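The next block holds one structure in the form of structure tokens; read it before the comments.
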2 protein chains.
Amino acid sequence: MLDKVLSTLKADHDAALAELFEFMKFQSVSADPAHGGDVRRCAEWLAALLTRDGFTASVEETGGHPAVVARWQKAPDAPTVLVYGHYDVQPALMEDGWTTDPFEPQLNEGRICGRGASDDKGQLFCHIAGLRAHLRAVGKLPVNVIMLFEGEEESGSDNLEGYLVAKRSELACDAVIASDTAQYTGGRAALTYGLRGLTYLEVTLTGPNRDLHSGTLGGVIANPATALARMVGLLVDESGRVNVPGFYDDVTPLEQWERDAWAKLDYDEAALAAELGVTDLFGEPGYTAVERMWARPTLDVNGIWSGYTGEGAKTVIPAVAGAKLSCRLVPDQEPDKIAELVERRLRLSCPPGLKMEVKHLHGAKPVLLPSEGKFVDCAKAAVGAAWGEDPVFIREGGSIPVIETFVRVLDAPVVLMGFGRPDDRIHGPDERFHLEDFHRGMEASARFW
Amino acid sequence: MLDKVLSTLKADHDAALAELFEFMKFQSVSADPAHGGDVRRCAEWLAALLTRDGFTASVEETGGHPAVVARWQKAPDAPTVLVYGHYDVQPALMEDGWTTDPFEPQLNEGRICGRGASDDKGQLFCHIAGLRAHLRAVGKLPVNVIMLFEGEEESGSDNLEGYLVAKRSELACDAVIASDTAQYTGGRAALTYGLRGLTYLEVTLTGPNRDLHSGTLGGVIANPATALARMVGLLVDESGRVNVPGFYDDVTPLEQWERDAWAKLDYDEAALAAELGVTDLFGEPGYTAVERMWARPTLDVNGIWSGYTGEGAKTVIPAVAGAKLSCRLVPDQEPDKIAELVERRLRLSCPPGLKMEVKHLHGAKPVLLPSEGKFVDCAKAAVGAAWGEDPVFIREGGSIPVIETFVRVLDAPVVLMGFGRPDDRIHGPDERFHLEDFHRGMEASARFW
């Protein structure tokens, strides 16, 4: 029976690619209100496709951009698995440095190129293809399936938790699988069992009621730009360690088995430095690059602005300065608590005469998932067969806030089965998804069921 | 004879104001290449006016924007005085917050409003009016006069030194007077005997070859924005003192007579804080606000930029970060040496993997002028009579690089006779010059001769 499914899947390769291209053409940029219509049209297209393929599918209102839910629940004694993915994408403009139109997908040198290729339209589509191959080959699925494809992941999943809570009983399941992570470097099969969290702050310092002449008045008042640089600069020490009292208090140390397993990955730090175009990597002492990326918290300045930034010299004391800061968090750091600690540290070093305002823009809890159990074992076997090698167990530096929400609201184990690669350029120009990974991803999904 | 001159001057008040308005209508913005034609037309207008008024005037090429030179040298045994001023102005656009069109000057509530009103067209015009009153009243001047009006002061006086050196013998003089400074607060007569210098740097940090995702790669490399904040932040300590080794080494301490004299000025720090809209003043401990403004060096961030600065949260590690920094200098700090010290301090704290580039954009030496002597005494008497009170001797926080050049190249004492006020909003929107100061400035000039 599996053979029949896999041969059906294989026969479907070209059609699946054509449909993925159609899917990728929708400019479903959830962060940009101007693309609201595109997001909805994309959801409608997806629901129609799933209906055609034999699922009971609908566009579901969430209060924000809609979700697409598709069900096949005709296996009474079998477990129910929820497949999560998102059909919305990051913004993409040619002038950001794209080689080809981000919304005119194409196949170049064995890579599917375009916005959403890997994050997450391409990976999500692997599951659609893997599931429908069963329906096409044998007319049924071995398990019950609920697909839930979100339209707001790239803009913060603001409405998903409310939706999950409201629909908790209808979405009850034995496990959640999601493919919104990546394989290990270089196309090596991997399952991800940990994600970092996030807390994001914007700080604004206001000084004098107007820009001042730095000659006439330099030395008389606190300069917001100078003060902000100092306040923000104090948050990280010269070694790269975060210098905020209490910041590391709740960090769960890496376990020895993880450090041992990751050491065996032989992560090529020199290759990473070369790929990024830097002479040296840099970060918290005492940890390898992989450990720092996957399992250690960070504090980054994501943006900073003040004063004159044009050509040449302007001798101004700016009236206002601002910065965007974010911390990647690891278990058991709490986003709100860390935001408070950072804000307190900033406030302590704010000189007299400046008004400091802090906005907490975003938070996501870090999460550690089971690295063993029935569903993890199935995923391990499926991915292992599709890739021809046992997957390694890795963590991921990024945050997928909704994963923690699934764990908490649906109380089900989540399995992260990443088909993309770390160098798929997600969120940047020339996002891509290797055709080979698309094929292996579809196979892994088909085998998983 | 003086009475006749002064009454002629008084009769000329309205005509002088009308001519000043005509002068201010030229958009002689030297920093903006688009206004090159306006700068030249302004110079031609000025030369024509001076020719009409009885001077031998011409537009002189300098390699950049032209200078206007006007002479009256028919007093063989009398000293020669050079009057310096500049007819170019700072940029000004309505959208910067002007209440009235910056280049449509008008008189509002006893103030001449418009770009250049105080800096420096209005003040410069006081000398034209003061000098021509002598010619109109008695047909001659008591001294020889060379007027030199520059067209590049607001863009760095790049060509003036070369011009002065080339024309050193033709510009030989016994003293230089200039009115490009201000009275003491609130319209109190003052002579300025010290100017701070300047050194201006732009630092750029380049990290990875593209913006990175702060989740996927946060913790692996040095973030240029985080590093720049830290590097720049380290340049000033929490008390507001500059934290660059060697920075204060060449600072000439304030003399006791200066501190005593300035203490008697009863500078109203609370009023300044209120005027600037801050709760507290702030700066180097151990010095009053006036001392910090006039006679202590500073380090200010004039601009800083990196990464995402739009609405909301973007989790990016920026590829590049930059800042503009400047130091106000006091005797005997050397701009180039201070720039080197700052650059060295920045380099010391630059983390591995980042490329740091520093441009030295601008430098001006600080200067201390004589506070006594024949020409200072004349200025003191002239200003004292026009204002009805003895002028106080002050320094100024800003830099007028050309003053140091005059001292060095022409080897003549320079007298700074400021007719404007500290709150004339020079370089900002709604620049203004009190009509009363215009009248007193013309009288002081007429009396000086």
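Residue numbering restarts at 1 in every chain; chains get A, B, ... in the order shown in the structure tokens, and ligands count up from 1 in that same order.
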Could you make a table, as a Markdown table, of the residues of chain A that have an atom within 6 Å of an atom of chain B, each with its nearest atom pair and distance in Å to one decimal, counting only C-alpha atoms, in chain and number order?
```
| residue | atom | partner | partner_atom | distance |
| --- | --- | --- | --- | --- |
| A:Pro208 | CA | B:Leu276 | CA | 5.1 |
| A:Asn209 | CA | B:Gly277 | CA | 5.3 |
| A:Gly215 | CA | B:Gly398 | CA | 3.7 |
| A:Thr216 | CA | B:Gly397 | CA | 4.6 |
| A:Leu217 | CA | B:Met293 | CA | 5.8 |
| A:Gly219 | CA | B:Gly283 | CA | 5.3 |
| A:Val220 | CA | B:Ala289 | CA | 5.5 |
| A:Ile221 | CA | B:Phe282 | CA | 4.3 |
| A:Ala222 | CA | B:Phe282 | CA | 5.2 |
| A:Ala225 | CA | B:Val301 | CA | 5.6 |
| A:Thr226 | CA | B:Val301 | CA | 5.0 |
| A:Ala229 | CA | B:Ala229 | CA | 4.3 |
| A:Arg230 | CA | B:Gly233 | CA | 3.4 |
| A:Gly233 | CA | B:Arg230 | CA | 3.4 |
| A:Leu276 | CA | B:Pro208 | CA | 5.1 |
| A:Gly277 | CA | B:Asn209 | CA | 5.3 |
| A:Val278 | CA | B:Gly353 | CA | 5.2 |
| A:Thr279 | CA | B:Gly353 | CA | 4.9 |
| A:Asp280 | CA | B:Gly353 | CA | 4.3 |
| A:Leu281 | CA | B:Ile221 | CA | 4.6 |
| A:Phe282 | CA | B:Ile221 | CA | 4.3 |
| A:Gly283 | CA | B:Gly219 | CA | 5.3 |
| A:Ala289 | CA | B:Val220 | CA | 5.6 |
| A:Arg292 | CA | B:Gly219 | CA | 5.4 |
| A:Met293 | CA | B:Gly219 | CA | 5.6 |
| A:Thr298 | CA | B:Gly219 | CA | 5.8 |
| A:Val301 | CA | B:Thr226 | CA | 5.0 |
| A:Asn302 | CA | B:Val316 | CA | 5.3 |
| A:Gly303 | CA | B:Gly307 | CA | 4.2 |
| A:Ile304 | CA | B:Ser306 | CA | 5.3 |
| A:Trp305 | CA | B:Trp305 | CA | 4.5 |
| A:Ser306 | CA | B:Gly303 | CA | 5.2 |
| A:Gly307 | CA | B:Gly303 | CA | 4.2 |
| A:Tyr308 | CA | B:Gly303 | CA | 4.5 |
| A:Thr309 | CA | B:Gly303 | CA | 5.5 |
| A:Val316 | CA | B:Asn302 | CA | 5.3 |
| A:Ile317 | CA | B:Asn302 | CA | 5.7 |
| A:Pro352 | CA | B:Asp280 | CA | 5.8 |
| A:Gly353 | CA | B:Asp280 | CA | 4.3 |
| A:Gly397 | CA | B:Thr216 | CA | 4.5 |
| A:Gly398 | CA | B:Gly215 | CA | 3.7 |
```
Which of segment 212-388 of chain A fall in strand (DSSP E or B), as a PyMOL selection string: chain A and resi 212-213+236+242+298-307+316-317+320-329+355-364+367-368
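Using only C-alpha atoms, the shortest contact distance between Ala385 of chain A and any of A:Thr56, A:Thr8, A:Ser445, A:Thr99 is found at A:Ser445.
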Using DSSP on the backbone, list every residue of segment 264-403 of chain B that comes out as alpha helix (DSSP H), and give them as JSON, numbers by chain. {"B": [269, 270, 271, 272, 273, 274, 275, 276, 289, 290, 291, 292, 293, 294, 295, 335, 336, 337, 338, 339, 340, 341, 342, 343, 344, 345, 346, 347, 348, 374, 375, 376, 377, 378, 379, 380, 381, 382, 383, 384, 385, 386, 387, 401, 402, 403]}
Take the residues that were just selected and, keeping N, CA and C atoms, output them as a short mmCIF file (atom, residue, chain, number, x, y, z; two decimals), in the first residue's frame.
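Final output, saved to part_22.cif:
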```cif
data_model
loop_
_atom_site.label_atom_id
_atom_site.label_comp_id
_atom_site.auth_asym_id
_atom_site.auth_seq_id
_atom_site.Cartn_x
_atom_site.Cartn_y
_atom_site.Cartn_z
N GLU B 269 20.13 79.13 35.10
CA GLU B 269 20.10 77.75 34.61
C GLU B 269 18.67 77.22 34.55
N ALA B 270 17.85 77.60 35.52
CA ALA B 270 16.46 77.12 35.53
C ALA B 270 15.71 77.65 34.32
N ALA B 271 15.99 78.91 33.96
CA ALA B 271 15.32 79.48 32.79
C ALA B 271 15.76 78.76 31.52
N LEU B 272 17.04 78.40 31.46
CA LEU B 272 17.52 77.68 30.29
C LEU B 272 16.81 76.32 30.18
N ALA B 273 16.76 75.60 31.31
CA ALA B 273 16.09 74.29 31.30
C ALA B 273 14.65 74.44 30.84
N ALA B 274 13.97 75.48 31.35
CA ALA B 274 12.57 75.70 30.97
C ALA B 274 12.48 76.01 29.48
N GLU B 275 13.39 76.83 28.99
CA GLU B 275 13.35 77.22 27.59
C GLU B 275 13.57 76.00 26.68
N LEU B 276 14.43 75.09 27.13
CA LEU B 276 14.73 73.90 26.31
C LEU B 276 13.72 72.79 26.55
N ALA B 289 26.84 75.62 34.13
CA ALA B 289 26.37 75.46 32.75
C ALA B 289 27.14 76.38 31.81
N VAL B 290 27.34 77.62 32.24
CA VAL B 290 28.07 78.57 31.40
C VAL B 290 29.50 78.10 31.16
N GLU B 291 30.12 77.61 32.20
CA GLU B 291 31.50 77.12 32.04
C GLU B 291 31.54 75.93 31.08
N ARG B 292 30.53 75.04 31.21
CA ARG B 292 30.50 73.87 30.32
C ARG B 292 30.27 74.29 28.86
N MET B 293 29.41 75.27 28.66
CA MET B 293 29.10 75.72 27.29
C MET B 293 30.26 76.43 26.65
N TRP B 294 30.94 77.26 27.41
CA TRP B 294 31.92 78.17 26.81
C TRP B 294 33.36 77.66 26.88
N ALA B 295 33.65 76.87 27.88
CA ALA B 295 35.07 76.64 28.13
C ALA B 295 35.44 75.19 28.46
N PRO B 335 42.25 69.54 16.94
CA PRO B 335 41.20 68.72 16.33
C PRO B 335 41.70 67.37 15.82
N ASP B 336 42.84 67.35 15.14
CA ASP B 336 43.31 66.09 14.57
C ASP B 336 43.72 65.11 15.65
N LYS B 337 44.35 65.63 16.67
CA LYS B 337 44.79 64.74 17.76
C LYS B 337 43.58 64.14 18.48
N ILE B 338 42.60 64.97 18.75
CA ILE B 338 41.40 64.48 19.45
C ILE B 338 40.67 63.45 18.58
N ALA B 339 40.59 63.72 17.29
CA ALA B 339 39.95 62.75 16.40
C ALA B 339 40.67 61.41 16.47
N GLU B 340 41.98 61.46 16.52
CA GLU B 340 42.77 60.22 16.61
C GLU B 340 42.48 59.48 17.92
N LEU B 341 42.41 60.24 19.00
CA LEU B 341 42.15 59.62 20.32
C LEU B 341 40.77 58.95 20.33
N VAL B 342 39.79 59.63 19.78
CA VAL B 342 38.43 59.07 19.76
C VAL B 342 38.42 57.82 18.88
N GLU B 343 39.05 57.91 17.72
CA GLU B 343 39.09 56.77 16.81
C GLU B 343 39.79 55.57 17.48
N ARG B 344 40.87 55.86 18.19
CA ARG B 344 41.60 54.79 18.87
C ARG B 344 40.73 54.12 19.93
N ARG B 345 40.00 54.95 20.67
CA ARG B 345 39.11 54.40 21.71
C ARG B 345 38.02 53.53 21.10
N LEU B 346 37.47 54.00 19.99
CA LEU B 346 36.44 53.21 19.30
C LEU B 346 37.03 51.88 18.84
N ARG B 347 38.21 51.94 18.25
CA ARG B 347 38.82 50.73 17.69
C ARG B 347 39.09 49.70 18.78
N LEU B 348 39.50 50.20 19.95
CA LEU B 348 39.80 49.30 21.07
C LEU B 348 38.58 48.49 21.49
N LYS B 374 44.19 97.99 22.17
CA LYS B 374 43.59 99.19 21.56
C LYS B 374 42.24 98.91 20.90
N PHE B 375 42.19 97.87 20.06
CA PHE B 375 40.96 97.63 19.30
C PHE B 375 39.85 97.08 20.20
N VAL B 376 40.25 96.25 21.17
CA VAL B 376 39.26 95.76 22.13
C VAL B 376 38.67 96.94 22.91
N ASP B 377 39.55 97.89 23.28
CA ASP B 377 39.07 99.05 24.03
C ASP B 377 38.09 99.89 23.20
N CYS B 378 38.41 100.06 21.92
CA CYS B 378 37.49 100.80 21.03
C CYS B 378 36.15 100.09 20.95
N ALA B 379 36.20 98.78 20.78
CA ALA B 379 34.96 98.00 20.67
C ALA B 379 34.15 98.11 21.95
N LYS B 380 34.86 98.03 23.07
CA LYS B 380 34.19 98.13 24.37
C LYS B 380 33.48 99.48 24.51
N ALA B 381 34.15 100.53 24.10
CA ALA B 381 33.56 101.87 24.19
C ALA B 381 32.38 102.01 23.24
N ALA B 382 32.54 101.53 22.02
CA ALA B 382 31.49 101.67 21.00
C ALA B 382 30.25 100.89 21.40
N VAL B 383 30.45 99.65 21.77
CA VAL B 383 29.31 98.81 22.17
C VAL B 383 28.69 99.36 23.46
N GLY B 384 29.57 99.78 24.37
CA GLY B 384 29.07 100.33 25.63
C GLY B 384 28.16 101.52 25.40
N ALA B 385 28.56 102.40 24.47
CA ALA B 385 27.75 103.59 24.20
C ALA B 385 26.43 103.22 23.52
N ALA B 386 26.50 102.30 22.57
CA ALA B 386 25.29 101.92 21.83
C ALA B 386 24.30 101.21 22.74
N TRP B 387 24.81 100.41 23.66
CA TRP B 387 23.93 99.62 24.54
C TRP B 387 23.60 100.34 25.86
N PRO B 401 35.46 78.67 12.53
CA PRO B 401 36.82 78.23 12.21
C PRO B 401 37.66 79.34 11.62
N VAL B 402 37.01 80.21 10.86
CA VAL B 402 37.76 81.22 10.15
C VAL B 402 38.45 82.21 11.11
N ILE B 403 37.93 82.36 12.30
CA ILE B 403 38.56 83.30 13.25
C ILE B 403 39.98 82.86 13.57
#
```
Using Å and a single decimal, report how far atom CA of Leu46 of chain B sits from atom CA of Asn144 of chain B. 19.7 Å
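The protein and nucleic acid residues lying at most 12 Å from Arg52 of chain B are Trp45, Leu46, Ala47, Ala48, Thr56, Ala57, Ser58, Ala70, Ile128, Arg132, Leu135 and Arg136 of chain B, with only C-alpha atoms considered and sequence neighbours fewer than 4 positions away removed.
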